[in-house]
$ cat protein-v4.tsv   # TSV, C-alpha atoms and all ligand atoms
chain	number	residue	atom	x	y	z
A	1	MET	CA	-5.32	-28.25	-9.11
A	2	THR	CA	-6.45	-31.51	-10.70
A	3	SER	CA	-8.21	-31.21	-14.05
A	4	GLU	CA	-11.30	-32.81	-12.48
A	5	ILE	CA	-11.62	-29.97	-9.96
A	6	ARG	CA	-10.64	-27.31	-12.48
A	7	ALA	CA	-13.48	-28.42	-14.72
A	8	LEU	CA	-15.93	-27.93	-11.86
A	9	LEU	CA	-14.75	-24.38	-11.20
A	10	ARG	CA	-16.95	-21.47	-12.30
A	11	GLU	CA	-15.96	-20.56	-15.83
A	12	GLU	CA	-14.86	-17.00	-15.05
A	13	LEU	CA	-12.42	-18.33	-12.41
A	14	GLN	CA	-10.74	-20.91	-14.63
A	15	GLY	CA	-7.17	-19.97	-15.41
A	16	LEU	CA	-6.98	-17.22	-12.76
A	17	SER	CA	-4.30	-17.18	-10.04
A	18	ALA	CA	-5.04	-16.21	-6.44
A	19	TYR	CA	-3.73	-12.86	-5.16
A	20	GLY	CA	-0.21	-13.85	-4.25
A	21	ALA	CA	2.36	-11.25	-3.32
A	22	PRO	CA	5.25	-13.45	-2.12
A	23	GLN	CA	5.48	-13.65	1.70
A	24	LEU	CA	9.20	-14.36	1.95
A	25	ASP	CA	11.34	-14.35	5.07
A	26	VAL	CA	13.61	-11.48	4.06
A	27	ALA	CA	15.18	-8.88	6.35
A	28	VAL	CA	13.76	-5.89	4.48
A	29	ARG	CA	10.21	-6.38	3.20
A	30	LEU	CA	9.05	-3.50	1.05
A	31	ASN	CA	6.62	-5.31	-1.25
A	32	VAL	CA	3.05	-4.90	0.04
A	33	ASN	CA	2.97	-1.26	1.16
A	34	GLU	CA	2.69	-2.11	4.83
A	35	ASN	CA	3.64	0.50	7.41
A	36	SER	CA	7.16	-0.47	8.53
A	37	TYR	CA	6.59	0.95	12.01
A	38	ALA	CA	4.98	-1.45	14.48
A	39	PRO	CA	2.27	0.08	16.67
A	40	PRO	CA	3.98	1.82	19.63
A	41	THR	CA	3.77	0.33	23.15
A	42	GLU	CA	1.07	2.71	24.28
A	43	VAL	CA	-1.20	1.51	21.45
A	44	VAL	CA	-0.29	-2.15	22.05
A	45	ARG	CA	-1.39	-1.74	25.70
A	46	ALA	CA	-4.61	0.07	24.78
A	47	VAL	CA	-5.57	-2.58	22.22
A	48	ALA	CA	-4.74	-5.39	24.67
A	49	ARG	CA	-6.97	-3.79	27.34
A	50	ALA	CA	-9.79	-3.36	24.83
A	51	LEU	CA	-9.52	-7.00	23.73
A	52	GLU	CA	-9.49	-8.26	27.29
A	53	GLY	CA	-12.72	-6.37	27.91
A	54	GLU	CA	-14.35	-8.20	25.00
A	55	ILE	CA	-13.10	-11.71	25.72
A	56	ALA	CA	-15.33	-12.12	28.78
A	57	THR	CA	-18.42	-11.68	26.56
A	58	LEU	CA	-17.34	-13.70	23.52
A	59	ASN	CA	-20.23	-16.10	24.16
A	60	ARG	CA	-22.39	-13.37	22.58
A	61	TYR	CA	-22.43	-12.26	18.95
A	62	PRO	CA	-20.88	-8.84	18.32
A	63	ASP	CA	-22.79	-5.68	17.47
A	64	ARG	CA	-23.92	-6.59	13.96
A	65	ASP	CA	-23.93	-2.97	12.87
A	66	ALA	CA	-20.63	-1.98	14.53
A	67	LEU	CA	-22.24	1.34	15.37
A	68	LYS	CA	-19.63	2.59	17.82
A	69	LEU	CA	-16.78	1.78	15.44
A	70	ARG	CA	-18.62	3.44	12.56
A	71	ALA	CA	-19.17	6.56	14.69
A	72	ASP	CA	-15.46	6.64	15.55
A	73	LEU	CA	-14.48	6.22	11.89
A	74	ALA	CA	-16.90	9.01	10.88
A	75	ALA	CA	-15.35	11.29	13.51
A	76	TYR	CA	-11.88	10.46	12.21
A	77	LEU	CA	-12.88	11.25	8.61
A	78	GLY	CA	-14.53	14.55	9.52
A	79	HIS	CA	-16.36	16.31	6.65
A	80	GLY	CA	-19.51	16.25	8.81
A	81	LEU	CA	-19.92	12.50	8.30
A	82	THR	CA	-22.00	10.39	10.71
A	83	ALA	CA	-22.13	6.65	11.52
A	84	GLU	CA	-25.03	6.19	9.03
A	85	GLN	CA	-22.69	7.22	6.21
A	86	VAL	CA	-19.87	4.89	7.19
A	87	TYR	CA	-19.64	1.11	6.93
A	88	ALA	CA	-16.77	-1.11	8.10
A	89	ALA	CA	-15.63	-4.63	7.19
A	90	ASN	CA	-12.59	-6.93	7.29
A	91	GLY	CA	-10.34	-4.77	5.15
A	92	SER	CA	-11.38	-2.45	2.35
A	93	ASN	CA	-11.08	-5.47	0.06
A	94	GLU	CA	-14.14	-6.95	1.77
A	95	VAL	CA	-15.94	-3.62	1.47
A	96	GLN	CA	-15.21	-3.56	-2.27
A	97	GLN	CA	-16.29	-7.18	-2.65
A	98	GLN	CA	-19.60	-6.32	-0.94
A	99	LEU	CA	-20.06	-3.31	-3.25
A	100	LEU	CA	-19.62	-5.67	-6.21
A	101	GLN	CA	-22.02	-8.21	-4.68
A	102	ALA	CA	-24.62	-5.48	-4.23
A	103	PHE	CA	-24.17	-3.47	-7.43
A	104	GLY	CA	-22.34	-5.82	-9.81
A	105	GLY	CA	-22.92	-9.51	-10.50
A	106	PRO	CA	-23.73	-11.62	-13.59
A	107	GLY	CA	-24.51	-9.58	-16.70
A	108	ARG	CA	-23.02	-6.41	-15.23
A	109	THR	CA	-19.67	-4.75	-15.77
A	110	ALA	CA	-17.15	-3.15	-13.46
A	111	LEU	CA	-14.47	-0.91	-14.88
A	112	GLY	CA	-11.09	0.37	-13.71
A	113	PHE	CA	-8.16	2.24	-15.25
A	114	GLY	CA	-5.08	0.03	-15.26
A	115	PRO	CA	-2.40	-0.23	-14.16
A	116	ALA	CA	-4.37	0.06	-10.92
A	117	TYR	CA	-5.11	-2.14	-7.91
A	118	SER	CA	-4.83	-5.78	-8.97
A	119	MET	CA	-7.57	-6.86	-6.55
A	120	HIS	CA	-10.33	-4.89	-8.31
A	121	PRO	CA	-10.52	-7.27	-11.32
A	122	LEU	CA	-10.10	-10.31	-9.03
A	123	LEU	CA	-13.00	-9.16	-6.84
A	124	ALA	CA	-15.05	-8.63	-10.01
A	125	ALA	CA	-14.28	-12.19	-11.15
A	126	GLY	CA	-15.18	-13.56	-7.71
A	127	THR	CA	-18.61	-11.89	-7.88
A	128	ALA	CA	-19.20	-12.92	-11.53
A	129	THR	CA	-19.04	-9.27	-12.59
A	130	GLY	CA	-17.55	-8.49	-16.01
A	131	TRP	CA	-14.36	-6.44	-16.02
A	132	VAL	CA	-13.16	-3.75	-18.42
A	133	ASP	CA	-9.74	-2.08	-18.19
A	134	GLY	CA	-10.08	1.50	-19.40
A	135	GLY	CA	-6.30	2.05	-19.41
A	136	ARG	CA	-4.45	5.30	-18.73
A	137	GLY	CA	-1.85	7.54	-20.40
A	138	PRO	CA	1.82	6.62	-20.87
A	139	ASP	CA	2.74	8.82	-17.85
A	140	PHE	CA	0.13	6.88	-15.78
A	141	GLY	CA	-2.02	10.01	-15.53
A	142	LEU	CA	-5.79	9.93	-15.95
A	143	THR	CA	-7.61	12.80	-17.64
A	144	ALA	CA	-11.27	13.73	-17.30
A	145	SER	CA	-11.79	13.41	-21.07
A	146	HIS	CA	-10.34	9.86	-21.16
A	147	VAL	CA	-12.49	8.79	-18.21
A	148	GLU	CA	-15.60	10.30	-19.77
A	149	ALA	CA	-15.04	8.67	-23.16
A	150	VAL	CA	-14.41	5.23	-21.65
A	151	LEU	CA	-17.41	5.37	-19.30
A	152	ARG	CA	-19.76	6.55	-22.08
A	153	GLU	CA	-18.62	3.60	-24.20
A	154	TYR	CA	-18.88	0.81	-21.61
A	155	ARG	CA	-21.60	2.08	-19.20
A	156	PRO	CA	-20.30	0.04	-16.23
A	157	ALA	CA	-22.46	-0.65	-13.19
A	158	ILE	CA	-19.44	0.13	-11.01
A	159	THR	CA	-16.40	2.25	-11.78
A	160	PHE	CA	-13.23	1.99	-9.70
A	161	LEU	CA	-10.96	5.01	-9.43
A	162	CYS	CA	-7.91	4.69	-7.22
A	163	SER	CA	-6.41	7.84	-5.71
A	164	PRO	CA	-3.54	7.82	-4.92
A	165	ASN	CA	-3.35	4.98	-7.43
A	166	ASN	CA	-1.64	1.69	-6.66
A	167	PRO	CA	0.88	0.83	-8.20
A	168	THR	CA	1.70	4.21	-9.75
A	169	GLY	CA	1.23	6.51	-6.73
A	170	THR	CA	-0.70	9.04	-8.83
A	171	ALA	CA	-3.42	11.07	-7.10
A	172	LEU	CA	-6.48	12.20	-9.07
A	173	SER	CA	-7.83	15.70	-9.33
A	174	LEU	CA	-11.46	15.99	-8.26
A	175	ASP	CA	-12.31	17.03	-11.83
A	176	VAL	CA	-11.69	13.43	-12.87
A	177	VAL	CA	-14.03	12.11	-10.16
A	178	ARG	CA	-16.67	14.68	-11.14
A	179	ALA	CA	-16.26	13.70	-14.80
A	180	ALA	CA	-16.76	10.03	-13.90
A	181	LEU	CA	-19.92	10.82	-11.94
A	182	ALA	CA	-21.27	12.87	-14.85
A	183	ALA	CA	-20.44	10.25	-17.49
A	184	THR	CA	-22.01	7.22	-15.79
A	185	SER	CA	-25.30	6.56	-14.05
A	186	GLY	CA	-23.68	3.75	-12.04
A	187	ILE	CA	-21.74	3.60	-8.78
A	188	VAL	CA	-18.36	5.34	-8.66
A	189	VAL	CA	-15.91	3.99	-6.07
A	190	VAL	CA	-12.82	6.03	-5.20
A	191	ASP	CA	-10.30	3.75	-3.47
A	192	GLU	CA	-8.38	6.08	-1.14
A	193	ALA	CA	-6.30	3.44	0.68
A	194	TYR	CA	-3.29	5.81	0.68
A	195	ALA	CA	-5.06	9.14	1.26
A	196	GLU	CA	-3.14	9.89	4.46
A	197	PHE	CA	0.17	9.86	2.54
A	198	ALA	CA	-0.89	12.38	-0.11
A	199	ARG	CA	1.14	15.55	-0.47
A	200	PRO	CA	-0.41	18.71	0.99
A	201	GLY	CA	-3.21	20.14	-1.14
A	202	THR	CA	-4.27	16.77	-2.58
A	203	PRO	CA	-8.08	16.74	-2.38
A	204	SER	CA	-10.12	13.80	-1.07
A	205	ALA	CA	-13.27	12.63	-2.82
A	206	LEU	CA	-14.89	12.81	0.63
A	207	THR	CA	-15.58	16.47	-0.19
A	208	LEU	CA	-17.87	15.37	-3.05
A	209	LEU	CA	-20.00	12.90	-1.07
A	210	GLU	CA	-22.73	15.29	0.00
A	211	ALA	CA	-23.76	16.19	-3.56
A	212	ASN	CA	-23.29	12.70	-5.05
A	213	PRO	CA	-25.36	9.76	-3.73
A	214	ARG	CA	-23.70	7.35	-6.22
A	215	LEU	CA	-20.20	8.10	-4.94
A	216	VAL	CA	-18.40	5.74	-2.52
A	217	VAL	CA	-15.02	6.44	-0.93
A	218	THR	CA	-13.17	3.43	0.52
A	219	ARG	CA	-10.41	3.74	3.12
A	220	THR	CA	-8.36	1.32	5.21
A	221	MET	CA	-6.52	1.06	8.51
A	222	SER	CA	-3.97	-1.24	6.80
A	223	LYS	CA	-1.50	1.41	5.64
A	224	ALA	CA	-1.28	4.77	7.45
A	225	PHE	CA	-2.64	3.28	10.72
A	226	ALA	CA	-0.10	0.43	10.76
A	227	PHE	CA	-2.97	-1.99	11.40
A	228	ALA	CA	-2.88	-4.34	8.38
A	229	GLY	CA	-2.95	-7.46	10.54
A	230	ALA	CA	-6.23	-6.47	12.19
A	231	ARG	CA	-8.09	-6.30	8.83
A	232	VAL	CA	-10.17	-3.15	9.10
A	233	GLY	CA	-11.41	-1.24	6.07
A	234	TYR	CA	-14.39	1.04	5.61
A	235	LEU	CA	-16.37	3.17	3.23
A	236	ALA	CA	-18.02	6.56	3.39
A	237	ALA	CA	-21.09	7.17	1.22
A	238	GLY	CA	-24.76	8.04	1.45
A	239	PRO	CA	-26.88	5.98	3.89
A	240	GLU	CA	-28.58	4.16	0.95
A	241	ILE	CA	-25.23	2.69	-0.10
A	242	VAL	CA	-24.66	1.51	3.47
A	243	GLU	CA	-28.10	-0.15	3.46
A	244	ALA	CA	-27.22	-1.83	0.16
A	245	VAL	CA	-23.99	-3.44	1.36
A	246	GLN	CA	-25.78	-4.63	4.50
A	247	LEU	CA	-27.96	-6.77	2.20
A	248	VAL	CA	-24.98	-8.89	1.17
A	249	ARG	CA	-22.74	-8.91	4.25
A	250	LEU	CA	-22.58	-12.03	6.38
A	251	PRO	CA	-24.33	-11.72	9.73
A	252	TYR	CA	-21.90	-10.50	12.40
A	253	HIS	CA	-19.18	-10.18	9.76
A	254	LEU	CA	-16.95	-7.97	11.92
A	255	SER	CA	-15.84	-9.76	15.09
A	256	ALA	CA	-16.15	-8.16	18.52
A	257	LEU	CA	-12.36	-8.39	18.78
A	258	THR	CA	-11.83	-6.56	15.50
A	259	GLN	CA	-14.28	-3.84	16.45
A	260	ALA	CA	-12.69	-3.33	19.87
A	261	ALA	CA	-9.14	-3.35	18.50
A	262	ALA	CA	-10.02	-0.85	15.79
A	263	ARG	CA	-11.71	1.50	18.27
A	264	ALA	CA	-8.72	1.38	20.61
A	265	ALA	CA	-6.40	2.14	17.70
A	266	LEU	CA	-8.58	5.01	16.50
A	267	ALA	CA	-8.50	6.51	19.99
A	268	HIS	CA	-4.73	6.78	19.42
A	269	ALA	CA	-4.94	8.00	15.84
A	270	ASP	CA	-2.49	10.84	16.49
A	271	VAL	CA	0.25	8.50	17.72
A	272	LEU	CA	-0.32	5.94	14.98
A	273	LEU	CA	-0.43	8.52	12.21
A	274	SER	CA	2.73	10.21	13.45
A	275	THR	CA	4.75	7.70	11.37
A	276	VAL	CA	3.09	8.98	8.19
A	277	GLU	CA	5.31	12.07	8.02
A	278	GLN	CA	8.46	9.98	8.50
A	279	ILE	CA	7.37	7.60	5.74
A	280	LYS	CA	6.65	10.49	3.38
A	281	ILE	CA	10.21	11.76	3.94
A	282	GLN	CA	11.58	8.33	2.91
A	283	ARG	CA	9.21	8.22	-0.08
A	284	ASP	CA	10.45	11.59	-1.30
A	285	ARG	CA	14.01	10.45	-0.67
A	286	ILE	CA	13.50	7.36	-2.87
A	287	VAL	CA	11.98	9.49	-5.65
A	288	ALA	CA	14.83	12.03	-5.51
A	289	GLU	CA	17.67	9.50	-5.27
A	290	LEU	CA	16.36	7.21	-8.00
A	291	ARG	CA	15.93	10.21	-10.30
A	292	GLU	CA	19.45	11.29	-9.49
A	293	ARG	CA	20.64	7.83	-10.47
A	294	GLY	CA	18.92	8.28	-13.84
A	295	HIS	CA	15.80	6.20	-13.25
A	296	GLN	CA	12.39	7.29	-14.45
A	297	VAL	CA	10.13	7.56	-11.38
A	298	ALA	CA	6.38	8.14	-11.18
A	299	ASP	CA	5.31	11.00	-8.88
A	300	SER	CA	3.95	9.48	-5.67
A	301	ASP	CA	1.29	10.57	-3.20
A	302	ALA	CA	1.38	7.18	-1.51
A	303	ASN	CA	3.80	5.21	0.72
A	304	PHE	CA	5.45	3.53	-2.27
A	305	VAL	CA	7.29	4.44	-5.44
A	306	LEU	CA	7.07	2.97	-8.94
A	307	TYR	CA	10.29	3.25	-10.92
A	308	ARG	CA	11.73	2.09	-14.23
A	309	VAL	CA	14.57	-0.38	-13.63
A	310	ALA	CA	16.58	0.69	-16.69
A	311	ARG	CA	18.41	4.00	-16.39
A	312	ASP	CA	17.66	6.83	-18.79
A	313	GLY	CA	19.52	6.61	-22.04
A	314	SER	CA	20.03	2.85	-21.86
A	315	ALA	CA	18.83	1.30	-25.07
A	316	ASP	CA	17.72	-2.06	-23.66
A	317	GLU	CA	14.59	-2.62	-21.68
A	318	THR	CA	15.98	-4.40	-18.61
A	319	ASP	CA	13.68	-7.19	-17.45
A	320	GLN	CA	12.19	-6.18	-14.10
A	321	LYS	CA	12.14	-9.85	-13.02
A	322	VAL	CA	15.93	-9.95	-13.24
A	323	VAL	CA	16.32	-6.76	-11.21
A	324	TRP	CA	13.69	-7.96	-8.71
A	325	ARG	CA	15.83	-11.05	-8.10
A	326	ARG	CA	19.05	-9.02	-7.79
A	327	ILE	CA	17.44	-6.76	-5.20
A	328	LEU	CA	16.11	-9.82	-3.35
A	329	ASP	CA	19.62	-11.30	-3.37
A	330	ALA	CA	20.71	-8.10	-1.62
A	331	GLY	CA	18.15	-8.85	1.13
A	332	VAL	CA	15.36	-6.51	0.04
A	333	LEU	CA	11.93	-7.70	-1.14
A	334	VAL	CA	10.21	-5.29	-3.55
A	335	ARG	CA	7.21	-5.83	-5.82
A	336	ASP	CA	7.02	-6.89	-9.42
A	337	VAL	CA	3.49	-5.70	-10.25
A	338	GLY	CA	3.68	-7.20	-13.73
A	339	LEU	CA	4.46	-3.91	-15.50
A	340	PRO	CA	7.27	-4.68	-17.97
A	341	GLY	CA	10.39	-2.71	-17.01
A	342	TRP	CA	9.02	-1.30	-13.73
A	343	LEU	CA	9.21	-2.22	-10.03
A	344	ARG	CA	7.37	-0.88	-6.99
A	345	VAL	CA	8.99	-0.31	-3.61
A	346	THR	CA	7.36	0.61	-0.30
A	347	ALA	CA	8.90	3.50	1.63
A	348	GLY	CA	10.03	2.01	4.94
A	349	THR	CA	12.19	3.17	7.82
A	350	PRO	CA	15.34	5.19	7.01
A	351	ALA	CA	17.46	2.03	7.42
A	352	GLU	CA	15.19	-0.04	5.14
A	353	THR	CA	15.20	2.72	2.56
A	354	SER	CA	19.00	2.87	2.68
A	355	ALA	CA	19.18	-0.92	2.21
A	356	PHE	CA	16.92	-0.63	-0.83
A	357	LEU	CA	18.90	2.23	-2.38
A	358	ALA	CA	22.15	0.33	-1.82
A	359	ALA	CA	20.61	-2.72	-3.53
A	360	VAL	CA	19.61	-0.55	-6.50
A	361	GLU	CA	23.14	0.78	-6.74
A	362	THR	CA	24.51	-2.77	-6.83
A	363	SER	CA	21.97	-3.81	-9.42
A	364	ASP	CA	22.65	-0.74	-11.59
A	365	SER	CA	26.36	-1.57	-11.66
A	366	LEU	CA	25.69	-5.03	-13.15
A	367	PRO	CA	25.35	-5.39	-16.92
A	368	ALA	CA	21.83	-5.18	-18.35
A	369	ALA	CA	20.48	-8.68	-18.04
A	370	VAL	CA	19.30	-10.59	-21.04
A	371	GLU	CA	17.97	-13.73	-19.41
A	372	THR	CA	14.43	-13.89	-18.03
A	373	LEU	CA	13.77	-15.35	-14.60
A	374	GLU	CA	10.60	-16.62	-13.05
A	375	ASN	CA	9.66	-15.12	-9.72
D	1	LIG	C1	-3.51	-1.95	0.31
D	1	LIG	C2	-4.69	-1.52	-0.49
D	1	LIG	C3	-5.97	-1.66	0.02
D	1	LIG	C4	-6.14	-2.17	1.41
D	1	LIG	O1	-6.83	-3.31	1.50
D	1	LIG	P1	-7.26	-3.84	2.94
D	1	LIG	O2	-8.17	-4.94	2.57
D	1	LIG	O3	-7.97	-2.70	3.60
D	1	LIG	O4	-6.03	-4.24	3.66
D	1	LIG	C5	-7.03	-1.20	-0.72
D	1	LIG	N1	-6.85	-0.62	-1.92
D	1	LIG	C6	-5.64	-0.46	-2.43
D	1	LIG	C7	-5.48	0.24	-3.72
D	1	LIG	C8	-4.52	-0.92	-1.74
D	1	LIG	O5	-3.31	-0.78	-2.28
$ encode --input "protein-v4.tsv" --output "C-alpha cells" --more "lines below"
Ligand SMILES: *Cc1c(COP(=O)(O)O)cnc(C)c1O
Amino acid sequence: MTSEIRALLREELQGLSAYGAPQLDVAVRLNVNENSYAPPTEVVRAVARALEGEIATLNRYPDRDALKLRADLAAYLGHGLTAEQVYAANGSNEVQQQLLQAFGGPGRTALGFGPAYSMHPLLAAGTATGWVDGGRGPDFGLTASHVEAVLREYRPAITFLCSPNNPTGTALSLDVVRAALAATSGIVVVDEAYAEFARPGTPSALTLLEANPRLVVTRTMSKAFAFAGARVGYLAAGPEIVEAVQLVRLPYHLSALTQAAARAALAHADVLLSTVEQIKIQRDRIVAELRERGHQVADSDANFVLYRVARDGSADETDQKVVWRRILDAGVLVRDVGLPGWLRVTAGTPAETSAFLAAVETSDSLPAAVETLEN
C-alpha cells in the first residue's frame, strides 16, 4: 500500500494485515479446518436441482428475511427453536460482524479470551470497536473465575467465547458461559463453529438461550456440513437480537442461490454429517499418535488439533515456522496460528492424516532448527 493511501485509512486499521491463511496448491491441505470430504453425489444433485429452480426467477430479489432457511436451521438445531430465533448470513463471520455493528462500534469494547479465533479482533477493528484480550491459562483452559474477573474489570459491550475454541480445540463447560452472563450486562456470543465435532456429553450453549436474552450462539455450515464454499452461517438467540442485526444487514444480503443451496443441503443433513464421525476418528488418532511421539497436544473437541512442535524433554523451543516449512516440504499444509512453538492441523481423511503423521515423523528426525523462516 502506498503511504498516501495508508495515511487515508481509518486509524484503527493502520498497520493491520488482512485475514490471510495461505491458499497454496498443495496435495494435502489441512490448514483452515475445512471438511476434507466433498459433498456426496446425492447432495450435489439436490443442490443443483434447487439452484436451477431459482435461476429462472433471478430477476427478482430474494426473500429478504430468508424465512424458509431460518425455519430449516431452527429445525436442525432443535431445542424448541423457531425461525424468529434464528438469523442467517454469508458465513458466521458476517453474523459476528453484524453483531458488532449492532452492539459494538466507536467507544465500545469487545472482549475475547486468546488464543481464540483470529477473526474476532479483526471484525472488532473493522467495526471501530475496541478489543481486549482477556487471555487464558497455560493449558488453554478457561475458568469461570477468570472470565468473571476479566469481565468485571473491562465491562465489554460484547464478549466472545469460543467453544470448542479455535485454535486450541477446548470446549467450555456451561458454568463458564453462565459466569460470563452473570458478570456482564452486555451481549455474550458463544461461537460454536465446531459444535458438531464435540465429544459426547459436551454441552451446547443453545440449552441456555431460553433463560438468557443477552446470549447469542453462532454456528456455521462451513465445517461439519462440508459447505464452506457456499458461505452460510447463522445465529440462534432471542427474537430481539434477530431484530437488532436486521437493522445493520444489507438489504437482500443472502442471495436466492445461497438460500436455496443451504436448504437443499440441510434436507440432506444426515448424509452430510455422516463424515463427522470419520473425522473425529482421525482427530483422536492425531492426538494419540502425536502424544505417543512425545508431543504435547491440547485436548480437542473440534476437527483440528493444536500440538507443540518440540518433543517433551527437549530443551530448545523449536520454531514452529521452521517445522511448518518442513511439513509443507513434505506436501502437507498445516497452520501456523502465531503461537510460538505450536502448530494446528485439521483432521482430514485417513490418507491425509497418514501423510501428516509421516511428515511429522520426518520433521522430528531432523535436528532442532535454529534459524527462523518467514512464512
Ligand atoms: C471456521 C470458523 C468459523 C466459520 O466461519 P464462516 O464464516 O461461517 O465460514 C467461525 N468461527 C470459528 C471459530 C471458526 O474457526
$ residues_near_ligand --input "protein-v4.tsv" --ligand "ligand LIG 1 (chain D)" --cutoff "6 Å" --atoms "only C-alpha atoms and all ligand atoms" --output "number ranges by chain"
A: 91-93, 117, 166, 191, 193, 220, 222, 228, 231-233
$ residues_around --input "protein-v4.tsv" --residues "Ala171 (chain A)" --least-positions-apart "3" --cutoff "12 Å" --atoms "all atoms listed in the file" --output "ChimeraX atom specification"
/A:116,140-143,161-168,174-177,190-205,298-302
$ axis_aligned_box --input "protein-v4.tsv" --around "region 353-366 of chain A" --padding-each-side "3 Å" --output "JSON"
{"center_x": 20.8, "center_y": -1.1, "center_z": -5.2, "size_x": 17.2, "size_y": 13.9, "size_z": 21.8}
$ closest_residue --input "protein-v4.tsv" --among "A:Glu34, A:Glu54, A:Glu42, A:Asp133" --to "Met221 (chain A)" --atoms "all atoms listed in the file"
A:Glu34
$ atom_distance --input "protein-v4.tsv" --atom1 "CA of Thr362 (chain A)" --atom2 "CA of Gly313 (chain A)"
18.6 Å
$ residues_around --input "protein-v4.tsv" --residues "Ala128 (chain A)" --least-positions-apart "5" --cutoff "8 Å" --atoms "only C-alpha atoms" --output "PyMOL selection string"
chain A and resi 12+104-106
$ residues_around --input "protein-v4.tsv" --residues "Arg108 (chain A)" --least-positions-apart "4" --cutoff "10 Å" --atoms "all atoms listed in the file" --output "compact mmCIF listing (two decimals) with C-alpha atoms, in the coordinates of the input"
# COMPACT_ATOMS: atom_id res chain seq x y z
CA LEU A 100 -19.62 -5.67 -6.21
CA PHE A 103 -24.17 -3.47 -7.43
CA GLY A 104 -22.34 -5.82 -9.81
CA ALA A 124 -15.05 -8.63 -10.01
CA ALA A 128 -19.20 -12.92 -11.53
CA THR A 129 -19.04 -9.27 -12.59
CA GLY A 130 -17.55 -8.49 -16.01
CA TRP A 131 -14.36 -6.44 -16.02
CA ARG A 155 -21.60 2.08 -19.20
CA PRO A 156 -20.30 0.04 -16.23
CA ALA A 157 -22.46 -0.65 -13.19
CA ILE A 158 -19.44 0.13 -11.01
$ atom_distance --input "protein-v4.tsv" --atom1 "CA of Glu277 (chain A)" --atom2 "CA of Asn33 (chain A)"
15.2 Å
$ closest_residue --input "protein-v4.tsv" --among "A:Thr207, A:Ser118, A:Ser365, A:Asn90" --to "Tyr19 (chain A)" --atoms "only C-alpha atoms"
A:Ser118
$ closest_residue --input "protein-v4.tsv" --among "A:Leu123, A:Ala102, A:Val95, A:Leu257" --to "Ile187 (chain A)" --atoms "all atoms listed in the file"
A:Ala102
$ atom_distance --input "protein-v4.tsv" --atom1 "CA of Arg70 (chain A)" --atom2 "CA of Ala180 (chain A)"
27.3 Å
$ closest_residue --input "protein-v4.tsv" --among "A:Lys68, A:Arg291, A:Arg49, A:Arg29" --to "Val309 (chain A)" --atoms "all atoms listed in the file"
A:Arg291
$ closest_residue --input "protein-v4.tsv" --among "A:Gly80, A:Pro340, A:Pro350, A:Gly186" --to "Pro115 (chain A)" --atoms "all atoms listed in the file"
A:Pro340
$ residues_around --input "protein-v4.tsv" --residues "Pro40 (chain A)" --least-positions-apart "5" --cutoff "9 Å" --atoms "all atoms listed in the file" --output "VMD selection string"
chain A and resid 45 271 to 272
$ write_last_selection --input "protein-v4.tsv" --atoms "C-alpha atoms" --output "PDB file, keeping the file's coordinate frame"
ATOM      1  CA  ARG A  45      -1.390  -1.740  25.700  1.00  0.00           C
ATOM      2  CA  VAL A 271       0.250   8.500  17.720  1.00  0.00           C
ATOM      3  CA  LEU A 272      -0.320   5.940  14.980  1.00  0.00           C
TER       4      LEU A 272
END
$ closest_residue --input "protein-v4.tsv" --among "A:Arg344, A:Tyr234, A:Ala267, A:Asp312" --to "Val287 (chain A)" --atoms "only C-alpha atoms"
A:Arg344
$ residues_around --input "protein-v4.tsv" --residues "Thr184 (chain A)" --least-positions-apart "3" --cutoff "12 Å" --atoms "only C-alpha atoms" --output "MDAnalysis selection string"
chainID A and resid 110:111 147:160 177:181 187:189 214:215
$ residues_near_point --input "protein-v4.tsv" --point "(-22.1, -1.6, 14.9)" --cutoff "12 Å" --atoms "all atoms listed in the file" --output "PyMOL selection string"
chain A and resi 61-73+83-84+86-89+246+251-256+258-260+263
